[in-house]
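Okay, start33.txt is below, compact mmCIF, C-alpha atoms:
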# COMPACT_ATOMS: atom_id res chain seq x y z
CA MET A 329 -141.71 -198.43 -80.87
CA VAL A 330 -141.21 -196.65 -77.61
CA ILE A 331 -138.80 -193.76 -77.46
CA ALA A 332 -137.69 -193.28 -73.88
CA GLY A 333 -135.29 -191.03 -72.10
CA GLY A 334 -135.14 -188.15 -69.69
CA PHE A 335 -136.27 -184.61 -70.19
CA GLY A 336 -134.64 -182.73 -73.04
CA VAL A 337 -132.53 -185.60 -74.41
CA GLY A 338 -133.93 -185.26 -77.90
CA LYS A 339 -136.95 -187.60 -78.06
CA THR A 340 -139.13 -185.09 -79.88
CA THR A 341 -136.30 -184.15 -82.23
CA ALA A 342 -135.63 -187.79 -83.07
CA VAL A 343 -139.30 -188.51 -83.74
CA GLY A 344 -139.58 -185.36 -85.83
CA SER A 345 -136.60 -186.32 -87.98
CA ILE A 346 -138.24 -189.44 -89.28
CA SER A 347 -141.99 -189.14 -88.75
CA GLU A 348 -144.21 -188.49 -91.77
CA ILE A 349 -146.51 -186.44 -89.64
CA GLU A 350 -145.39 -183.49 -87.57
CA PRO A 351 -144.78 -184.86 -84.08
CA LEU A 352 -148.09 -184.71 -82.30
CA THR A 353 -148.67 -184.64 -78.61
CA THR A 354 -151.45 -186.60 -77.08
CA GLU A 355 -152.53 -185.98 -73.55
CA ALA A 356 -153.67 -188.47 -71.03
CA ALA A 357 -155.39 -187.15 -67.97
CA ILE A 358 -154.42 -189.07 -64.90
CA THR A 359 -155.43 -188.70 -61.34
CA GLU A 360 -152.65 -188.38 -58.88
CA VAL A 361 -152.92 -188.67 -55.17
CA ALA A 362 -150.56 -186.21 -53.64
CA ALA A 363 -149.88 -185.13 -50.13
CA GLY A 364 -150.35 -181.42 -50.06
CA VAL A 365 -147.15 -179.77 -48.94
CA ASP A 366 -148.97 -176.55 -48.32
CA ASP A 367 -151.85 -178.35 -46.67
CA LEU A 368 -151.48 -178.05 -42.94
CA SER A 369 -153.37 -181.25 -42.27
CA LEU A 370 -151.13 -183.19 -44.71
CA THR A 371 -154.11 -185.17 -45.94
CA PRO A 372 -153.77 -186.76 -49.36
CA HIS A 373 -155.83 -185.16 -52.08
CA LYS A 374 -156.42 -185.97 -55.69
CA THR A 375 -155.31 -183.80 -58.53
CA THR A 376 -155.79 -184.35 -62.21
CA THR A 377 -152.63 -183.98 -64.20
CA THR A 378 -152.22 -184.03 -67.92
CA VAL A 379 -149.30 -186.04 -69.20
CA ALA A 380 -148.09 -185.27 -72.67
CA MET A 381 -146.71 -187.96 -74.95
CA ASP A 382 -145.13 -187.14 -78.27
CA PHE A 383 -145.64 -189.52 -81.13
CA GLY A 384 -144.98 -189.86 -84.81
CA CYS A 385 -145.78 -192.30 -87.57
CA ILE A 386 -143.95 -194.01 -90.43
CA THR A 387 -146.03 -195.77 -93.08
CA ILE A 388 -144.13 -198.87 -94.09
CA ASP A 389 -146.69 -200.06 -96.61
CA PRO A 390 -150.45 -199.73 -97.06
CA THR A 391 -151.14 -202.25 -94.32
CA LEU A 392 -148.30 -201.51 -91.91
CA LYS A 393 -147.57 -198.40 -89.89
CA LEU A 394 -144.85 -197.93 -87.32
CA TYR A 395 -145.80 -195.55 -84.54
CA LEU A 396 -143.11 -193.97 -82.42
CA PHE A 397 -144.30 -193.09 -78.94
CA GLY A 398 -142.27 -190.91 -76.63
CA THR A 399 -142.66 -191.70 -72.96
CA PRO A 400 -143.46 -188.91 -70.53
CA GLY A 401 -140.20 -187.30 -69.51
CA GLN A 402 -140.81 -187.15 -65.81
CA GLU A 403 -139.84 -190.29 -63.98
CA ARG A 404 -142.81 -190.15 -61.68
CA PHE A 405 -145.01 -191.06 -64.60
CA GLY A 406 -143.13 -194.33 -65.04
CA PHE A 407 -146.22 -196.31 -64.10
CA MET A 408 -147.79 -195.20 -67.37
CA TRP A 409 -145.12 -196.94 -69.38
CA ASP A 410 -146.83 -200.32 -69.09
CA ASP A 411 -149.71 -198.99 -71.16
CA ILE A 412 -147.46 -197.64 -73.90
CA VAL A 413 -145.04 -200.51 -73.91
CA GLU A 414 -147.60 -203.28 -74.15
CA GLY A 415 -147.67 -204.23 -77.81
CA ALA A 416 -144.47 -202.34 -78.59
CA VAL A 417 -142.01 -203.96 -80.95
CA GLY A 418 -139.10 -202.53 -79.00
CA GLY A 419 -137.66 -199.48 -77.34
CA LEU A 420 -134.98 -196.90 -77.91
CA VAL A 421 -133.54 -195.23 -74.84
CA ILE A 422 -132.08 -191.90 -75.82
CA VAL A 423 -129.27 -190.68 -73.63
CA ASP A 424 -127.63 -187.32 -73.21
CA THR A 425 -124.10 -188.28 -72.23
CA ARG A 426 -123.76 -185.13 -70.17
CA ARG A 427 -126.60 -186.38 -67.99
CA LEU A 428 -126.42 -190.14 -67.88
CA ASP A 429 -128.39 -190.34 -64.63
CA ASP A 430 -131.60 -189.39 -66.34
CA CYS A 431 -132.02 -192.64 -68.19
CA TYR A 432 -131.39 -195.26 -65.49
CA ALA A 433 -135.09 -195.70 -64.91
CA ALA A 434 -135.77 -196.34 -68.59
CA VAL A 435 -132.93 -198.84 -68.94
CA ASP A 436 -134.02 -200.71 -65.79
CA TYR A 437 -137.60 -200.76 -67.00
CA PHE A 438 -136.86 -202.24 -70.41
CA GLU A 439 -134.49 -204.81 -68.99
CA HIS A 440 -137.13 -205.84 -66.48
CA LYS A 441 -139.80 -206.07 -69.15
CA ARG A 442 -137.46 -208.00 -71.42
CA ILE A 443 -138.32 -205.86 -74.40
CA PRO A 444 -135.77 -205.59 -77.20
CA PHE A 445 -134.12 -202.22 -76.79
CA ALA A 446 -131.05 -200.24 -77.60
CA VAL A 447 -129.38 -197.26 -75.99
CA ALA A 448 -128.65 -194.37 -78.29
CA ALA A 449 -126.38 -191.57 -77.17
CA ASN A 450 -127.44 -188.33 -78.78
CA ALA A 451 -124.49 -186.44 -80.15
CA PHE A 452 -125.19 -182.84 -79.16
CA ASP A 453 -123.02 -180.49 -81.19
CA GLY A 454 -121.72 -183.51 -83.04
CA LYS A 455 -119.98 -185.18 -80.16
CA VAL A 456 -120.63 -187.31 -77.11
CA GLU A 457 -119.06 -186.81 -73.72
CA HIS A 458 -117.87 -190.36 -73.15
CA THR A 459 -116.86 -193.35 -75.21
CA LEU A 460 -119.52 -195.94 -75.83
CA ASP A 461 -117.77 -198.35 -73.47
CA GLU A 462 -117.91 -195.73 -70.73
CA VAL A 463 -121.59 -195.18 -71.41
CA ARG A 464 -122.22 -198.90 -71.29
CA TRP A 465 -120.35 -199.23 -68.00
CA ALA A 466 -122.00 -196.21 -66.42
CA LEU A 467 -125.48 -197.40 -67.33
CA ASP A 468 -124.67 -200.97 -66.38
CA VAL A 469 -126.52 -202.33 -69.38
CA ALA A 470 -126.25 -206.01 -70.16
CA ASP A 471 -123.79 -207.00 -72.88
CA HIS A 472 -126.50 -207.94 -75.34
CA VAL A 473 -127.97 -204.42 -75.32
CA PRO A 474 -126.66 -202.39 -78.26
CA VAL A 475 -125.23 -198.99 -77.38
CA VAL A 476 -124.87 -196.64 -80.33
CA VAL A 477 -124.22 -193.00 -81.08
CA PHE A 478 -126.68 -191.10 -83.20
CA ASP A 479 -127.78 -187.61 -84.11
CA ALA A 480 -131.45 -186.98 -83.37
CA ARG A 481 -131.55 -184.26 -86.01
CA GLU A 482 -130.59 -186.55 -88.88
CA THR A 483 -133.18 -188.74 -90.57
CA GLY A 484 -130.65 -191.38 -91.58
CA SER A 485 -129.16 -191.52 -88.11
CA VAL A 486 -132.52 -191.96 -86.41
CA ARG A 487 -133.46 -194.58 -88.98
CA ASP A 488 -130.29 -196.52 -88.24
CA ALA A 489 -130.92 -196.40 -84.49
CA LEU A 490 -134.45 -197.76 -84.99
CA LEU A 491 -133.04 -200.47 -87.25
CA VAL A 492 -130.70 -201.62 -84.48
CA VAL A 493 -133.74 -202.26 -82.27
CA LEU A 494 -135.73 -203.99 -85.00
CA GLU A 495 -132.84 -206.23 -85.94
CA LEU A 496 -132.47 -207.20 -82.31
CA ALA A 497 -136.20 -207.96 -82.13
CA LEU A 498 -135.94 -210.09 -85.25
CA ALA A 499 -132.93 -211.98 -83.92
CA ARG A 500 -134.92 -212.81 -80.80
CA THR A 501 -137.80 -214.29 -82.75
CA GLU A 502 -135.40 -216.46 -84.70
CA ALA A 503 -133.39 -217.55 -81.66
CA MET B 659 -169.31 -172.78 -90.22
CA ALA B 660 -172.86 -171.43 -90.17
CA ASP B 661 -174.45 -174.73 -89.26
CA GLY B 662 -172.22 -175.06 -86.22
CA SER B 663 -170.16 -177.94 -87.53
CA ILE B 664 -166.41 -177.77 -87.63
CA PRO B 665 -164.70 -178.46 -90.95
CA PRO B 666 -162.58 -181.60 -90.77
CA GLY B 667 -158.92 -180.96 -90.17
CA SER B 668 -159.35 -177.53 -88.61
CA ASP B 669 -158.49 -176.94 -85.00
CA PRO B 670 -161.20 -176.58 -82.36
CA VAL B 671 -161.23 -173.29 -80.54
CA GLY B 672 -158.80 -173.30 -77.64
CA PRO B 673 -158.00 -176.03 -75.09
CA ALA B 674 -160.89 -177.62 -73.22
CA PRO B 675 -161.08 -176.85 -69.52
CA ALA B 676 -159.95 -179.66 -67.25
CA VAL B 677 -163.38 -180.61 -65.96
CA ARG B 678 -164.88 -181.04 -69.40
CA PRO B 679 -163.52 -184.50 -70.28
CA PHE B 680 -165.55 -186.11 -67.53
CA LEU B 681 -168.72 -184.34 -68.65
CA VAL B 682 -168.15 -185.45 -72.22
CA THR B 683 -167.90 -189.08 -71.21
CA ALA B 684 -170.60 -188.76 -68.54
CA GLY B 685 -168.03 -189.74 -65.96
CA ARG B 686 -167.04 -193.00 -67.63
CA VAL B 687 -163.51 -194.24 -67.84
CA ALA B 688 -161.98 -196.29 -70.49
CA ALA B 689 -162.43 -200.05 -70.15
CA GLY B 690 -163.25 -201.65 -73.49
CA PRO B 691 -165.57 -204.64 -73.96
CA SER B 692 -162.79 -207.06 -73.07
CA GLY B 693 -161.94 -205.02 -70.01
CA ARG B 694 -158.61 -204.05 -71.46
CA THR B 695 -157.92 -200.43 -72.34
CA MET B 696 -157.77 -199.69 -76.04
CA PRO B 697 -154.06 -199.37 -76.96
CA VAL B 698 -152.99 -195.93 -78.15
CA GLU B 699 -152.17 -197.14 -81.66
CA THR B 700 -155.64 -198.68 -82.21
CA GLN B 701 -156.84 -197.66 -85.66
CA VAL B 702 -160.27 -196.18 -86.09
CA VAL B 703 -162.08 -195.33 -89.31
CA ALA B 704 -165.55 -193.96 -89.99
CA THR B 705 -168.14 -196.30 -91.44
CA VAL B 706 -170.29 -195.36 -94.41
CA GLU B 707 -173.24 -195.11 -92.01
CA GLY B 708 -171.24 -192.86 -89.71
CA LEU B 709 -170.32 -190.46 -92.48
CA GLY B 710 -173.88 -190.46 -93.72
CA ALA B 711 -175.14 -189.55 -90.27
CA LEU B 712 -172.62 -186.70 -89.72
CA ASP B 713 -175.21 -183.94 -89.81
CA GLY B 714 -177.02 -185.55 -86.94
CA LEU B 715 -173.94 -185.81 -84.78
CA SER B 716 -172.61 -183.01 -82.65
CA PHE B 717 -169.49 -181.88 -80.86
CA GLU B 718 -166.90 -184.52 -80.19
CA GLN B 719 -168.84 -187.37 -81.83
CA HIS B 720 -169.11 -185.31 -85.00
CA ASP B 721 -165.46 -184.30 -84.94
CA ILE B 722 -164.27 -187.84 -84.41
CA VAL B 723 -166.33 -189.37 -87.22
CA ALA B 724 -165.42 -186.54 -89.59
CA ALA B 725 -161.71 -186.85 -88.80
CA CYS B 726 -161.89 -190.61 -89.31
CA ARG B 727 -162.59 -190.35 -93.00
CA ARG B 728 -159.09 -191.71 -93.17
CA PRO B 729 -157.88 -194.35 -90.72
CA GLN B 730 -155.77 -193.14 -87.86
CA SER B 731 -154.81 -194.10 -84.35
CA ILE B 732 -156.75 -192.91 -81.33
CA ALA B 733 -153.58 -191.11 -80.26
CA GLU B 734 -153.59 -189.08 -83.50
CA LEU B 735 -157.27 -188.33 -83.04
CA ALA B 736 -156.72 -187.17 -79.48
CA ALA B 737 -153.84 -184.94 -80.54
CA ARG B 738 -155.56 -183.43 -83.58
CA LEU B 739 -158.88 -182.82 -81.87
CA ARG B 740 -157.19 -181.78 -78.63
CA LEU B 741 -159.14 -184.29 -76.61
CA HIS B 742 -157.85 -186.35 -73.76
CA LEU B 743 -156.87 -189.84 -74.76
CA ASN B 744 -159.32 -191.53 -72.41
CA VAL B 745 -162.14 -189.37 -73.76
CA VAL B 746 -161.36 -190.60 -77.25
CA ARG B 747 -161.26 -194.19 -76.03
CA VAL B 748 -164.71 -193.94 -74.47
CA LEU B 749 -166.28 -192.04 -77.37
CA ALA B 750 -164.71 -194.33 -79.96
CA GLU B 751 -166.22 -197.30 -78.18
CA ASP B 752 -169.63 -195.59 -78.09
CA LEU B 753 -169.40 -194.79 -81.80
CA ARG B 754 -168.32 -198.32 -82.57
CA GLU B 755 -171.38 -199.69 -80.77
CA GLU B 756 -173.57 -197.32 -82.77
CA GLY B 757 -172.02 -198.54 -86.01
CA ARG B 758 -170.44 -195.20 -86.86
CA LEU B 759 -166.81 -196.26 -86.47
CA THR B 760 -164.80 -199.38 -87.04
CA VAL B 761 -162.17 -200.01 -84.42
CA HIS B 762 -159.15 -202.16 -85.24
CA VAL B 763 -157.31 -203.23 -82.14
CA PRO B 764 -153.70 -204.00 -83.08
CA ASP B 765 -152.62 -207.59 -83.16
CA ALA B 766 -150.28 -207.91 -80.20
CA ASP B 767 -148.65 -210.98 -81.72
CA ALA B 768 -147.52 -209.00 -84.72
CA THR B 769 -144.64 -207.54 -82.75
CA HIS B 770 -143.14 -211.00 -82.36
CA ASP B 771 -143.81 -212.07 -85.93
CA ALA B 772 -140.58 -212.39 -87.92
CA SER B 773 -142.23 -211.57 -91.24
CA VAL B 774 -143.70 -208.35 -89.81
CA LEU B 775 -140.33 -207.41 -88.38
CA ARG B 776 -138.66 -208.04 -91.73
CA ARG B 777 -141.20 -205.80 -93.45
CA LEU B 778 -140.49 -203.07 -90.89
CA ILE B 779 -136.76 -203.45 -91.41
CA ASP B 780 -137.03 -203.36 -95.20
CA GLY B 781 -139.36 -200.40 -95.05
CA LEU B 782 -137.07 -198.41 -92.79
CA ARG B 783 -133.99 -199.23 -94.86
CA ALA B 784 -135.74 -197.65 -97.81
CA ILE B 785 -135.91 -194.28 -96.05
CA PRO B 786 -133.23 -192.01 -97.49
CA ASP B 787 -130.57 -190.38 -95.33
CA SER B 788 -131.73 -186.83 -95.61
CA GLY B 789 -133.88 -184.41 -97.50
CA LYS B 790 -137.45 -183.50 -96.82
CA VAL B 791 -139.64 -186.00 -95.07
CA LEU B 792 -143.12 -185.91 -96.57
CA ARG B 793 -145.35 -184.14 -94.11
CA ASP B 794 -149.01 -184.96 -93.86
CA ASN B 795 -150.61 -182.49 -91.48
CA GLY B 796 -153.99 -184.14 -91.70
CA ASP B 797 -155.36 -181.56 -94.11
CA ASN B 798 -156.58 -184.33 -96.31
CA GLY B 799 -159.15 -185.01 -93.65
Please go through the file and, once you have read it, give me the structure as structure tokens.
Amino acid sequence: MVIAGGFGVGKTTAVGSISEIEPLTTEAAITEVAAGVDDLSLTPHKTTTTVAMDFGCITIDPTLKLYLFGTPGQERFGFMWDDIVEGAVGGLVIVDTRRLDDCYAAVDYFEHKRIPFAVAANAFDGKVEHTLDEVRWALDVADHVPVVVFDARETGSVRDALLVVLELALARTEA
Amino acid sequence: MADGSIPPGSDPVGPAPAVRPFLVTAGRVAAGPSGRTMPVETQVVATVEGLGALDGLSFEQHDIVAACRRPQSIAELAARLRLHLNVVRVLAEDLREEGRLTVHVPDADATHDASVLRRLIDGLRAIPDSGKVLRDNGDNG
């Protein structure tokens, strides 16, 4: 399952609350072509950047593991999402209601890819800034996308958010 | 260790410099035999032959085979051994061709399989609300 969301919304915390392994970070080296701002000739040059992706694992039974992969926080690495999302059972877009803007890209992406996903508003300090209806309206998510509140620090809460996505995925296969 | 090998599960010394990944893979990038990149959750496990040949392997090949005494994803391997993901993809493919590793590419259809989804749902429901989550830090090798 893909765990998406902007920087600092609680992806690592959520993964850590439920993963059997300490959240690990894997790094993918990618080559970026960037125009050098400090380069007087403004010629494009290549740089190698390391993108970190957090992940965790839940062993369901001896033959089934559920991996949770956090997408890179920075939006400019959105092109990498195809690689992570291919083969994913679904996605969870974590939202900080104080900064709703940060997750538009993730919501658009999952809707475009038609992957089962849910939006989960992380309750920082035990509360969220807006009602769920306001969140839904602000993010302009389709009606069939579940929007829930959860606490990334609580195992049970993260579990329930993941279950919302899985149940949606199951409903789709049986539709 | 005196023979230069690194005990499984221990951390390598420091982060590798940026140029090193391309030297390790002799400049190759990561296309698998089908042309598709190995997904990050692909499971790898050492073969009996691979474990038997450990003493003859060095550096990253050695570390990968040793770490794969128990099955894990290439993402876990990359994180634990502090290697770049694409380096692990290329080396895992090399080791697979040499018979030292088995590589299990995940079944993409499984994510749309209702019985798999039900098993996931049942398994998650069984996780209790709170308390300690069992941590496996890979010390078991």
Requested in this report: Find the residues in chain A near chain B: any atom within 9 Å counts, using all atoms listed in the file. Write them as a PyMOL selection string.
Outcome: chain A and resi 345-350+352-357+376+378+383-384+386-389+392-395+411-412+414-418+482-485+487-488+490-491+494-495+497-502
Query raised in the report: Which one of A:Ala380, A:Val476, A:Val456, A:Ala446 sits closest to Arg427 (chain A) if you count all atoms listed in the file?
Result: A:Val456
**Report entry** Length of the CA of Asp382 (chain A) to CA of Ile422 (chain A) vector [Å]
**Finding:** 14.1 Å
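Relative to CA of Pro474 (chain A), CA of Ala448 (chain A) is found at 8.3 Å.
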Query - Spatial neighbours of region 423-425 of chain A, max dist 8 Å, all atoms listed in the file, sep filter under 2 positions, as a PyMOL selection string - result: chain A and resi 333-334+337+421+427-428+430-431+447-452+456-458+463
Go ahead and write the selection's residues with C-alpha atoms as a PDB file, keeping the file's coordinate frame.
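Full text of again-v4.pdb as output:
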ATOM      1  CA  GLY A 333    -135.290-191.030 -72.100  1.00  0.00           C
ATOM      2  CA  GLY A 334    -135.140-188.150 -69.690  1.00  0.00           C
ATOM      3  CA  VAL A 337    -132.530-185.600 -74.410  1.00  0.00           C
ATOM      4  CA  VAL A 421    -133.540-195.230 -74.840  1.00  0.00           C
ATOM      5  CA  ARG A 427    -126.600-186.380 -67.990  1.00  0.00           C
ATOM      6  CA  LEU A 428    -126.420-190.140 -67.880  1.00  0.00           C
ATOM      7  CA  ASP A 430    -131.600-189.390 -66.340  1.00  0.00           C
ATOM      8  CA  CYS A 431    -132.020-192.640 -68.190  1.00  0.00           C
ATOM      9  CA  VAL A 447    -129.380-197.260 -75.990  1.00  0.00           C
ATOM     10  CA  ALA A 448    -128.650-194.370 -78.290  1.00  0.00           C
ATOM     11  CA  ALA A 449    -126.380-191.570 -77.170  1.00  0.00           C
ATOM     12  CA  ASN A 450    -127.440-188.330 -78.780  1.00  0.00           C
ATOM     13  CA  ALA A 451    -124.490-186.440 -80.150  1.00  0.00           C
ATOM     14  CA  PHE A 452    -125.190-182.840 -79.160  1.00  0.00           C
ATOM     15  CA  VAL A 456    -120.630-187.310 -77.110  1.00  0.00           C
ATOM     16  CA  GLU A 457    -119.060-186.810 -73.720  1.00  0.00           C
ATOM     17  CA  HIS A 458    -117.870-190.360 -73.150  1.00  0.00           C
ATOM     18  CA  VAL A 463    -121.590-195.180 -71.410  1.00  0.00           C
TER      19      VAL A 463
END
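What separates CA of Val330 (chain A) from CA of Ala433 (chain A) is a distance of 14.1 Å.
You can rank B:Val763, B:Val702, B:Ala724, B:Leu709 by their closest distance to Ala750 (chain B) using all atoms listed in the file, and at the top of that list sits B:Val702.
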